[in-house]
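One file, protein39.tsv, carrying TSV, C-alpha atoms:
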```
chain	number	residue	atom	x	y	z
A	1	MET	CA	122.68	69.49	59.91
A	2	ALA	CA	124.24	72.73	58.79
A	3	GLU	CA	125.55	75.00	61.50
A	4	GLU	CA	125.23	78.76	61.24
A	5	ILE	CA	128.51	80.56	61.73
A	6	ALA	CA	128.41	84.25	62.50
A	7	SER	CA	130.45	86.48	60.23
A	8	PRO	CA	133.48	88.26	61.72
A	9	THR	CA	131.65	91.57	61.48
A	10	ALA	CA	128.56	90.22	63.29
A	11	ALA	CA	130.73	88.55	65.92
A	12	ALA	CA	132.54	91.81	66.55
A	13	LYS	CA	129.24	93.65	67.00
A	14	ILE	CA	128.01	91.03	69.48
A	15	LYS	CA	131.27	91.33	71.40
A	16	ARG	CA	130.99	95.12	71.54
A	17	ARG	CA	127.40	94.87	72.82
A	18	SER	CA	128.42	92.40	75.51
A	19	LEU	CA	131.15	94.75	76.67
A	20	TRP	CA	128.72	97.65	77.02
A	21	PRO	CA	128.09	98.02	80.75
A	22	SER	CA	124.66	96.74	81.66
A	23	LEU	CA	124.31	99.74	83.96
A	24	LEU	CA	124.21	102.04	80.94
A	25	ARG	CA	121.54	100.16	79.03
A	26	TRP	CA	118.09	101.69	78.70
A	27	LYS	CA	115.31	99.68	80.31
A	28	PRO	CA	112.93	98.87	77.46
A	29	THR	CA	109.24	99.68	77.67
A	30	SER	CA	106.17	99.39	75.48
A	31	THR	CA	102.43	98.88	75.76
A	32	ASP	CA	103.08	95.18	76.29
A	33	HIS	CA	105.47	95.99	79.13
A	34	ILE	CA	102.84	98.26	80.69
A	35	ILE	CA	100.14	95.58	80.52
A	36	ALA	CA	102.53	93.01	82.00
A	37	ALA	CA	103.47	95.37	84.84
A	38	GLU	CA	99.79	96.13	85.38
A	39	LYS	CA	98.97	92.42	85.72
A	40	ARG	CA	101.78	91.97	88.23
A	41	LEU	CA	100.50	94.92	90.28
A	42	LEU	CA	96.90	93.74	90.16
A	43	SER	CA	97.99	90.28	91.30
A	44	LEU	CA	97.92	91.91	94.75
A	45	VAL	CA	94.13	92.18	94.46
A	46	ASN	CA	92.18	89.38	96.08
A	47	LYS	CA	90.71	87.69	93.02
A	48	SER	CA	88.23	85.52	94.87
A	49	GLY	CA	84.94	85.84	93.03
A	50	LEU	CA	86.24	88.58	90.76
A	51	THR	CA	86.97	88.71	87.06
A	52	LEU	CA	90.41	90.25	86.77
A	53	GLY	CA	92.22	91.65	83.79
A	54	ARG	CA	89.53	91.56	81.13
A	55	VAL	CA	90.90	94.03	78.61
A	56	HIS	CA	88.56	95.48	76.02
A	57	ARG	CA	90.12	97.18	73.00
A	58	VAL	CA	87.94	99.41	70.87
A	59	GLN	CA	88.98	99.44	67.21
A	60	THR	CA	87.69	102.92	66.47
A	61	ARG	CA	89.31	105.83	64.70
A	62	TRP	CA	88.86	108.81	66.99
A	63	PHE	CA	89.14	112.58	66.99
A	64	ARG	CA	92.26	114.09	65.39
A	65	SER	CA	93.69	110.72	64.42
A	66	THR	CA	96.24	111.24	61.66
A	67	SER	CA	96.65	107.57	60.78
A	68	ASP	CA	94.67	104.37	60.42
A	69	GLU	CA	96.29	102.90	63.52
A	70	PRO	CA	93.59	101.37	65.79
A	71	ARG	CA	92.75	103.28	68.94
A	72	PHE	CA	91.91	101.37	72.09
A	73	ILE	CA	91.14	102.07	75.74
A	74	ASN	CA	92.75	99.67	78.20
A	75	THR	CA	89.91	98.43	80.41
A	76	VAL	CA	89.93	96.23	83.49
A	77	THR	CA	86.58	94.97	84.78
A	78	PHE	CA	85.78	93.47	88.18
A	79	ASP	CA	82.38	91.79	88.19
A	80	SER	CA	80.28	91.93	91.33
A	81	GLU	CA	76.86	90.53	92.11
A	82	GLU	CA	74.30	90.68	89.35
A	83	GLU	CA	72.41	93.99	89.18
A	84	SER	CA	75.21	95.79	91.07
A	85	PRO	CA	75.58	99.41	89.88
A	86	ALA	CA	78.47	100.14	87.54
A	87	LEU	CA	81.31	102.23	88.94
A	88	VAL	CA	83.61	103.67	86.24
A	89	MET	CA	86.98	104.71	87.68
A	90	VAL	CA	89.12	107.14	85.69
A	91	HIS	CA	92.61	108.14	86.80
A	92	GLY	CA	94.00	111.65	86.86
A	93	TYR	CA	96.53	113.28	84.56
A	94	GLY	CA	99.95	111.71	84.98
A	95	ALA	CA	98.57	108.50	86.49
A	96	SER	CA	96.79	105.37	85.22
A	97	GLN	CA	94.17	102.93	86.44
A	98	GLY	CA	96.67	100.71	88.28
A	99	PHE	CA	96.91	103.41	90.96
A	100	PHE	CA	93.56	102.09	92.23
A	101	PHE	CA	95.06	98.69	93.07
A	102	ARG	CA	94.26	99.15	96.78
A	103	ASN	CA	90.60	99.87	96.03
A	104	PHE	CA	89.38	97.29	93.54
A	105	ASP	CA	88.80	94.45	95.99
A	106	SER	CA	86.59	96.38	98.44
A	107	LEU	CA	84.69	98.35	95.81
A	108	ALA	CA	84.02	95.27	93.66
A	109	LYS	CA	82.07	93.72	96.51
A	110	HIS	CA	79.38	96.34	95.95
A	111	PHE	CA	79.86	97.61	92.38
A	112	LYS	CA	80.69	96.33	88.96
A	113	VAL	CA	84.00	98.16	88.84
A	114	ILE	CA	85.27	99.28	85.43
A	115	ALA	CA	88.67	100.98	85.44
A	116	ILE	CA	90.18	102.52	82.33
A	117	ASP	CA	93.32	104.21	81.12
A	118	GLN	CA	92.49	107.42	79.31
A	119	LEU	CA	93.56	107.67	75.69
A	120	GLY	CA	97.29	108.33	75.60
A	121	TRP	CA	97.94	107.09	79.15
A	122	GLY	CA	98.79	103.79	80.80
A	123	GLY	CA	98.11	100.74	78.67
A	124	SER	CA	95.79	102.50	76.22
A	125	SER	CA	96.96	103.36	72.72
A	126	ARG	CA	99.23	106.39	72.47
A	127	PRO	CA	98.47	108.25	69.26
A	128	ASP	CA	100.44	111.34	68.28
A	129	PHE	CA	99.08	114.27	70.26
A	130	THR	CA	98.34	117.02	67.75
A	131	CYS	CA	95.95	119.27	69.69
A	132	LYS	CA	96.85	122.96	69.72
A	133	SER	CA	94.38	124.47	72.19
A	134	THR	CA	92.60	123.80	75.47
A	135	GLU	CA	89.31	123.19	73.65
A	136	GLU	CA	90.82	120.64	71.28
A	137	THR	CA	92.61	118.93	74.17
A	138	GLU	CA	89.43	118.53	76.21
A	139	ALA	CA	87.59	117.20	73.16
A	140	TRP	CA	90.42	114.72	72.58
A	141	PHE	CA	89.77	113.08	75.95
A	142	ILE	CA	86.00	113.52	76.12
A	143	GLU	CA	85.26	112.17	72.66
A	144	SER	CA	87.48	109.14	73.10
A	145	PHE	CA	85.74	108.39	76.43
A	146	GLU	CA	82.35	108.78	74.76
A	147	GLU	CA	83.33	106.33	71.99
A	148	TRP	CA	84.44	103.87	74.67
A	149	ARG	CA	81.18	104.37	76.61
A	150	LYS	CA	79.03	103.68	73.54
A	151	GLU	CA	81.10	100.65	72.58
A	152	ASN	CA	80.49	99.22	76.07
A	153	ASN	CA	76.76	100.09	76.06
A	154	LEU	CA	77.03	102.09	79.26
A	155	SER	CA	74.09	104.42	79.72
A	156	LYS	CA	73.87	104.57	83.50
A	157	PHE	CA	76.88	104.45	85.80
A	158	ILE	CA	78.63	106.15	88.70
A	159	PHE	CA	81.63	108.14	87.53
A	160	THR	CA	84.72	108.38	89.73
A	161	TRP	CA	87.38	110.78	88.49
A	162	ALA	CA	90.53	110.95	90.57
A	163	PHE	CA	91.51	114.37	89.38
A	164	ILE	CA	89.74	117.65	90.08
A	165	TRP	CA	92.48	120.24	89.87
A	166	ARG	CA	90.40	122.15	87.39
A	167	ILE	CA	88.00	122.86	90.24
A	168	CYS	CA	90.33	122.98	93.18
A	169	ARG	CA	93.00	125.27	91.81
A	170	CYS	CA	90.60	128.15	91.23
A	171	GLN	CA	92.42	131.40	91.95
A	172	ILE	CA	89.73	132.77	94.22
A	173	CYS	CA	90.67	131.95	97.79
A	174	ASN	CA	93.22	133.81	99.84
A	175	GLN	CA	95.58	130.84	99.88
A	176	GLU	CA	95.39	130.50	96.10
A	177	THR	CA	95.89	134.26	95.69
A	178	ASP	CA	99.00	134.06	97.87
A	179	MET	CA	100.27	131.16	95.77
A	180	SER	CA	99.63	133.15	92.60
A	181	GLU	CA	101.63	136.09	93.97
A	182	GLN	CA	104.45	133.74	94.91
A	183	LEU	CA	104.47	132.32	91.39
A	184	ILE	CA	104.54	135.81	89.88
A	185	ARG	CA	107.56	136.68	92.01
A	186	PHE	CA	109.21	133.37	91.14
A	187	ARG	CA	108.63	133.88	87.42
A	188	ALA	CA	110.45	137.21	87.67
A	189	THR	CA	113.64	135.36	88.67
A	190	TRP	CA	115.92	133.67	86.14
A	191	LYS	CA	115.06	130.28	87.62
A	192	GLY	CA	111.35	131.02	87.27
A	193	ALA	CA	111.79	132.17	83.68
A	194	ILE	CA	113.55	128.91	82.81
A	195	ALA	CA	110.93	126.81	84.61
A	196	ASN	CA	108.07	128.64	82.87
A	197	HIS	CA	109.79	128.24	79.49
A	198	LEU	CA	110.21	124.51	80.05
A	199	TRP	CA	106.52	124.23	80.96
A	200	GLU	CA	105.36	126.14	77.89
A	201	SER	CA	107.72	124.00	75.80
A	202	ASN	CA	105.90	120.91	77.10
A	203	PHE	CA	108.84	119.57	79.08
A	204	THR	CA	107.05	116.97	81.22
A	205	PRO	CA	108.17	114.81	84.16
A	206	GLN	CA	107.81	111.84	81.81
A	207	LYS	CA	110.39	113.35	79.47
A	208	LEU	CA	112.78	113.60	82.40
A	209	VAL	CA	112.29	109.91	83.21
A	210	ARG	CA	112.90	108.97	79.57
A	211	GLY	CA	115.90	111.25	79.28
A	212	LEU	CA	117.59	109.73	82.31
A	213	GLY	CA	117.64	106.39	80.52
A	214	PRO	CA	119.10	103.72	82.83
A	215	TRP	CA	118.72	106.05	85.81
A	216	GLY	CA	114.99	106.55	85.17
A	217	PRO	CA	113.82	103.52	87.20
A	218	GLY	CA	115.95	104.69	90.13
A	219	LEU	CA	114.32	108.12	90.08
A	220	VAL	CA	110.84	106.57	90.03
A	221	ARG	CA	111.83	104.23	92.86
A	222	LYS	CA	112.99	107.15	95.00
A	223	TYR	CA	109.70	108.96	94.36
A	224	THR	CA	107.40	106.03	95.19
A	225	SER	CA	109.48	105.03	98.21
A	226	ALA	CA	109.28	108.56	99.59
A	227	ARG	CA	105.72	109.52	98.61
A	228	PHE	CA	104.10	106.23	99.63
A	229	GLY	CA	106.67	105.26	102.23
A	230	SER	CA	108.58	107.62	104.50
A	231	ASN	CA	106.47	110.64	103.53
A	232	SER	CA	103.12	108.87	103.39
A	233	GLN	CA	100.27	110.61	105.18
A	234	GLY	CA	98.53	107.29	105.83
A	235	ASN	CA	99.10	103.58	105.29
A	236	MET	CA	102.58	103.00	103.91
A	237	LEU	CA	103.07	100.54	101.06
A	238	ASN	CA	104.54	97.20	102.00
A	239	GLU	CA	107.61	95.87	100.20
A	240	ASP	CA	105.70	94.02	97.47
A	241	GLU	CA	103.32	96.93	96.85
A	242	SER	CA	106.21	99.39	96.58
A	243	ARG	CA	108.21	97.18	94.21
A	244	LEU	CA	105.30	96.41	91.88
A	245	LEU	CA	103.93	99.97	91.87
A	246	THR	CA	107.40	101.34	91.08
A	247	ASP	CA	107.79	98.99	88.13
A	248	TYR	CA	104.33	99.84	86.86
A	249	VAL	CA	104.77	103.60	87.23
A	250	TYR	CA	108.11	103.51	85.45
A	251	HIS	CA	106.69	101.78	82.39
A	252	THR	CA	103.69	104.11	82.19
A	253	LEU	CA	105.94	107.18	82.41
A	254	ALA	CA	108.69	106.01	80.07
A	255	ALA	CA	106.41	104.89	77.22
A	256	LYS	CA	105.74	107.01	74.14
A	257	ALA	CA	104.66	110.57	74.87
A	258	SER	CA	100.98	111.10	74.07
A	259	GLY	CA	98.37	112.07	76.66
A	260	GLU	CA	100.98	113.80	78.83
A	261	LEU	CA	101.38	116.50	76.16
A	262	CYS	CA	97.98	117.84	77.19
A	263	LEU	CA	99.37	119.37	80.36
A	264	LYS	CA	100.44	122.75	78.94
A	265	TYR	CA	96.97	123.21	77.41
A	266	ILE	CA	95.08	122.21	80.58
A	267	PHE	CA	97.26	124.10	83.08
A	268	SER	CA	99.40	127.17	83.14
A	269	PHE	CA	102.71	127.07	85.00
A	270	GLY	CA	102.07	126.24	88.64
A	271	ALA	CA	99.23	123.82	87.80
A	272	PHE	CA	96.57	126.52	87.63
A	273	PRO	CA	93.72	125.64	85.24
A	274	ARG	CA	93.40	127.57	82.03
A	275	MET	CA	89.61	126.96	82.03
A	276	PRO	CA	88.43	126.19	85.60
A	277	LEU	CA	85.30	124.08	85.94
A	278	LEU	CA	84.09	126.74	88.34
A	279	HIS	CA	83.03	128.69	85.27
A	280	CYS	CA	80.57	125.99	84.18
A	281	ALA	CA	79.54	124.55	87.55
A	282	SER	CA	75.99	125.80	86.99
A	283	GLU	CA	75.70	123.45	84.00
A	284	TRP	CA	76.36	120.25	85.98
A	285	LYS	CA	73.41	117.87	85.78
A	286	VAL	CA	74.25	115.06	88.22
A	287	PRO	CA	74.73	114.99	92.02
A	288	THR	CA	78.41	115.28	92.89
A	289	THR	CA	80.63	114.40	95.84
A	290	PHE	CA	84.21	115.66	96.15
A	291	ILE	CA	86.54	113.57	98.31
A	292	TYR	CA	89.75	115.12	99.68
A	293	GLY	CA	92.51	113.92	101.94
A	294	TYR	CA	93.09	116.04	105.05
A	295	ASP	CA	96.64	116.71	103.89
A	296	ASP	CA	95.88	117.14	100.21
A	297	TRP	CA	97.89	120.07	98.86
A	298	MET	CA	94.85	120.99	96.75
A	299	ASN	CA	92.59	123.41	98.56
A	300	TYR	CA	89.03	122.12	98.94
A	301	GLN	CA	87.77	125.71	99.18
A	302	GLY	CA	87.79	125.87	95.39
A	303	ALA	CA	85.16	123.12	95.34
A	304	GLN	CA	83.16	125.05	97.94
A	305	GLU	CA	83.07	128.02	95.61
A	306	ALA	CA	82.02	125.84	92.68
A	307	ARG	CA	79.23	124.33	94.77
A	308	LYS	CA	77.61	127.76	95.17
A	309	SER	CA	76.84	127.80	91.45
A	310	MET	CA	75.72	124.21	91.13
A	311	LYS	CA	72.01	123.44	90.72
A	312	VAL	CA	72.37	119.80	91.80
A	313	PRO	CA	73.24	118.30	95.22
A	314	CYS	CA	76.95	118.59	95.99
A	315	GLU	CA	78.85	117.42	99.05
A	316	ILE	CA	82.51	117.82	100.00
A	317	ILE	CA	84.09	115.16	102.22
A	318	ARG	CA	87.52	115.23	103.83
A	319	VAL	CA	89.27	111.95	104.65
A	320	PRO	CA	91.77	111.65	107.53
A	321	GLN	CA	95.34	110.42	107.06
A	322	GLY	CA	95.31	111.02	103.36
A	323	GLY	CA	96.94	113.35	100.90
A	324	HIS	CA	96.54	113.89	97.15
A	325	PHE	CA	96.45	110.12	96.59
A	326	VAL	CA	93.91	109.57	99.34
A	327	PHE	CA	92.72	106.30	97.75
A	328	ILE	CA	96.23	104.89	98.33
A	329	ASP	CA	97.01	106.65	101.62
A	330	ASN	CA	93.85	105.62	103.46
A	331	PRO	CA	91.87	103.18	101.31
A	332	ALA	CA	89.47	102.08	104.08
A	333	ALA	CA	88.31	105.64	104.80
A	334	PHE	CA	88.20	106.41	101.07
A	335	HIS	CA	85.92	103.40	100.54
A	336	SER	CA	83.68	104.58	103.38
A	337	ALA	CA	83.39	107.95	101.67
A	338	VAL	CA	82.51	106.32	98.34
A	339	PHE	CA	79.89	104.07	99.92
A	340	TYR	CA	78.39	107.04	101.73
A	341	ALA	CA	78.30	109.10	98.54
A	342	CYS	CA	76.58	106.24	96.72
A	343	HIS	CA	74.29	105.03	99.50
A	344	LYS	CA	71.16	105.96	97.55
A	345	VAL	CA	71.98	103.48	94.78
A	346	LEU	CA	73.29	100.79	97.13
A	347	SER	CA	71.21	98.78	99.56
A	348	PRO	CA	69.42	101.25	101.86
A	349	ASN	CA	69.47	98.69	104.66
A	350	GLN	CA	73.25	98.31	104.47
A	351	TYR	CA	74.41	101.91	104.41
A	352	SER	CA	73.33	104.72	106.70
A	353	ASN	CA	72.51	108.24	105.59
A	354	SER	CA	74.82	109.55	108.32
A	355	LEU	CA	78.44	110.39	107.59
A	356	PRO	CA	80.83	107.59	108.69
A	357	GLU	CA	82.97	108.26	111.74
A	358	GLY	CA	86.20	110.08	110.99
A	359	LEU	CA	85.01	111.75	107.81
A	360	ILE	CA	84.18	115.46	107.77
A	361	SER	CA	81.65	117.15	105.54
A	362	VAL	CA	82.54	120.76	104.72
```

Is it possible to express this structure as C-alpha cells?
Amino acid sequence: MAEEIASPTAAAKIKRRSLWPSLLRWKPTSTDHIIAAEKRLLSLVNKSGLTLGRVHRVQTRWFRSTSDEPRFINTVTFDSEEESPALVMVHGYGASQGFFFRNFDSLAKHFKVIAIDQLGWGGSSRPDFTCKSTEETEAWFIESFEEWRKENNLSKFIFTWAFIWRICRCQICNQETDMSEQLIRFRATWKGAIANHLWESNFTPQKLVRGLGPWGPGLVRKYTSARFGSNSQGNMLNEDESRLLTDYVYHTLAAKASGELCLKYIFSFGAFPRMPLLHCASEWKVPTTFIYGYDDWMNYQGAQEARKSMKVPCEIIRVPQGGHFVFIDNPAAFHSAVFYACHKVLSPNQYSNSLPEGLISV
C-alpha cells in the first residue's frame, strides 16, 4: 500500500501551526456549533414525556433576501398533553431561545411549548442584514415570523415575547426623563461622543466578543458568572448550568453578524426606542400581560402609560427576586405569573383567578 509523504513545504506549515500557542487560537463557531451547544444546554431539561430538540427549518426566501440561500427558523418543540394550548416563546434582542432552559420543563406540563430563534439570531439562518430604516428592520423580523407561523399552521396561540423595551423605555416618566438628561450630559463629553459614534456605527457587543478572539469566551464567562452568579437577584446558576449557558451564549454571540445589526435602527444610544409601542398601544387587539422582575432596570411605568391607551385587557405583574432575566432569576415565580396570565385558557379548576402569593399587580 502506498504511503503518503508530506512535502517539505507542507511539513513546514504543519510545524509552524503546531508551534502557534493554543492560547492565541480563535475558538471556532458556526450554526452547527450553536445547535450543538443548544442541545448540551437543553440536556438539563427533564425530558420525561417531552419531545426535545425537534428542529424545523423553513426553506423560504424571505424579505430583503439578496441570495437564493435558504432561510430557516431554528425551532424547538416540547409536546404536552393533547389539546394543550400552544405557547410560542420568542427571545429578546441579543438573546436566543436557549435562555428559556429553566422554563421549558414546567411550562411544557401545561402547554405545547414552541421556542424559536428569530431570523438572524441563535441557531436560525443569518442572512446579510441590509435594512436601512426602523420600518424595514421591523418588517424583516415580523415577515419572517409570519412565514414561519404559516409554515407551521399556527392560527391560535399564546405569544410570549421576552423583550418589551420598546414599551418600557418610553421617555415619559420622571425617572426616564432624568436618564435622558444624564445621557444628554454624557453625550456632551468626549467619552459620550465616542460611545454615541460607536453605537451609530453599529458597533455591537457581539463585535467585541468576536474581536477579542481567544479572549472572547473568557469575557462571556465573566459576564454569565457575575450576572447569573454573584450578582444574581434570585436563584443562582449551578456549576453545570453556568458552564453550559456560557458555552451556548459564546457561540450565539460570536457567530456571523446578522440580526444584531438591527439594534441601531430599533434603539437610539442609551437603549431608548426610536418608535415606542406606546404610540400604537390603542391598536392592540389581544389581552396582554407584562411580567417584570422587582429589580428589573426597565421601568414598568412605561407599560402603565401604554395601558391607558389600550382597548383590550392589560395587566402588569411584578415578580420578586428577579431582574431583567426574571425567567432565569426566579423561574418558579415567573411560571406562576404565566399560569395566572393564561388561566382562562387553562383548566379553570386548576388555576385560581386570584394573583399567586408573592406577585404584585400594578

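Proximity to A:Ala37 was assessed for A:Glu305, A:Phe269, A:Leu263, A:Thr246 counting all atoms listed in the file; the smallest distance is recorded for A:Thr246.
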
- Atomic distance atom CA of A:His324 - atom CA of A:Ser80, expressed in Å with one decimal: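 Value for the atom CA of A:His324-atom CA of A:Ser80 distance: 27.9 Å.
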
Enclose the full set of atoms of stretch 256-271 of chain A listed in the file within a box whose edges lie along x, y and z, apply 3 Å of padding to each of the six sides, and report centre and edge lengths in Å to one decimal as AutoDock Vina command-line options.
```
--center_x 100.4 --center_y 117.1 --center_z 81.4 --size_x 16.7 --size_y 26.2 --size_z 20.6
```

- Of the residues A:Thr204, A:Val338, A:Leu237, A:Lys112, which is the one nearest to A:Leu154, using only C-alpha atoms?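 Looking only at the distances to A:Leu154, the closest residue turns out to be A:Lys112.
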
- Query: Which residues, written as a ChimeraX atom specification, have at least one atom at most 8 Å from A:Thr31, with only C-alpha atoms counted and residues fewer than 6 positions away on the same chain left out?
  - Reply: /A:122-125,255

Hey, what's within 7 Å of A:Arg318 if we count only C-alpha atoms and toss same-chain stuff fewer than 2 positions away? As a short mmCIF file (atom, residue, chain, number, x, y, z; two decimals) with C-alpha atoms, in the frame of the given file, please?
```cif
data_model
loop_
_atom_site.label_atom_id
_atom_site.label_comp_id
_atom_site.auth_asym_id
_atom_site.auth_seq_id
_atom_site.Cartn_x
_atom_site.Cartn_y
_atom_site.Cartn_z
CA ILE A 291 86.54 113.57 98.31
CA TYR A 292 89.75 115.12 99.68
CA GLY A 293 92.51 113.92 101.94
CA TYR A 294 93.09 116.04 105.05
CA ILE A 316 82.51 117.82 100.00
CA PRO A 320 91.77 111.65 107.53
CA LEU A 359 85.01 111.75 107.81
CA ILE A 360 84.18 115.46 107.77
CA SER A 361 81.65 117.15 105.54
#
```

- What is the distance, in Å and to one decimal place, between atom CA of A:Cys314 and atom CA of A:Asn299?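 Answer for the atom CA of A:Cys314 to atom CA of A:Asn299 separation: 16.6 Å.
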
- Best match for closeness to A:Tyr93 among A:Leu346, A:Ala188, A:Ile114, A:Ile266, counting only C-alpha atoms: A:Ile266
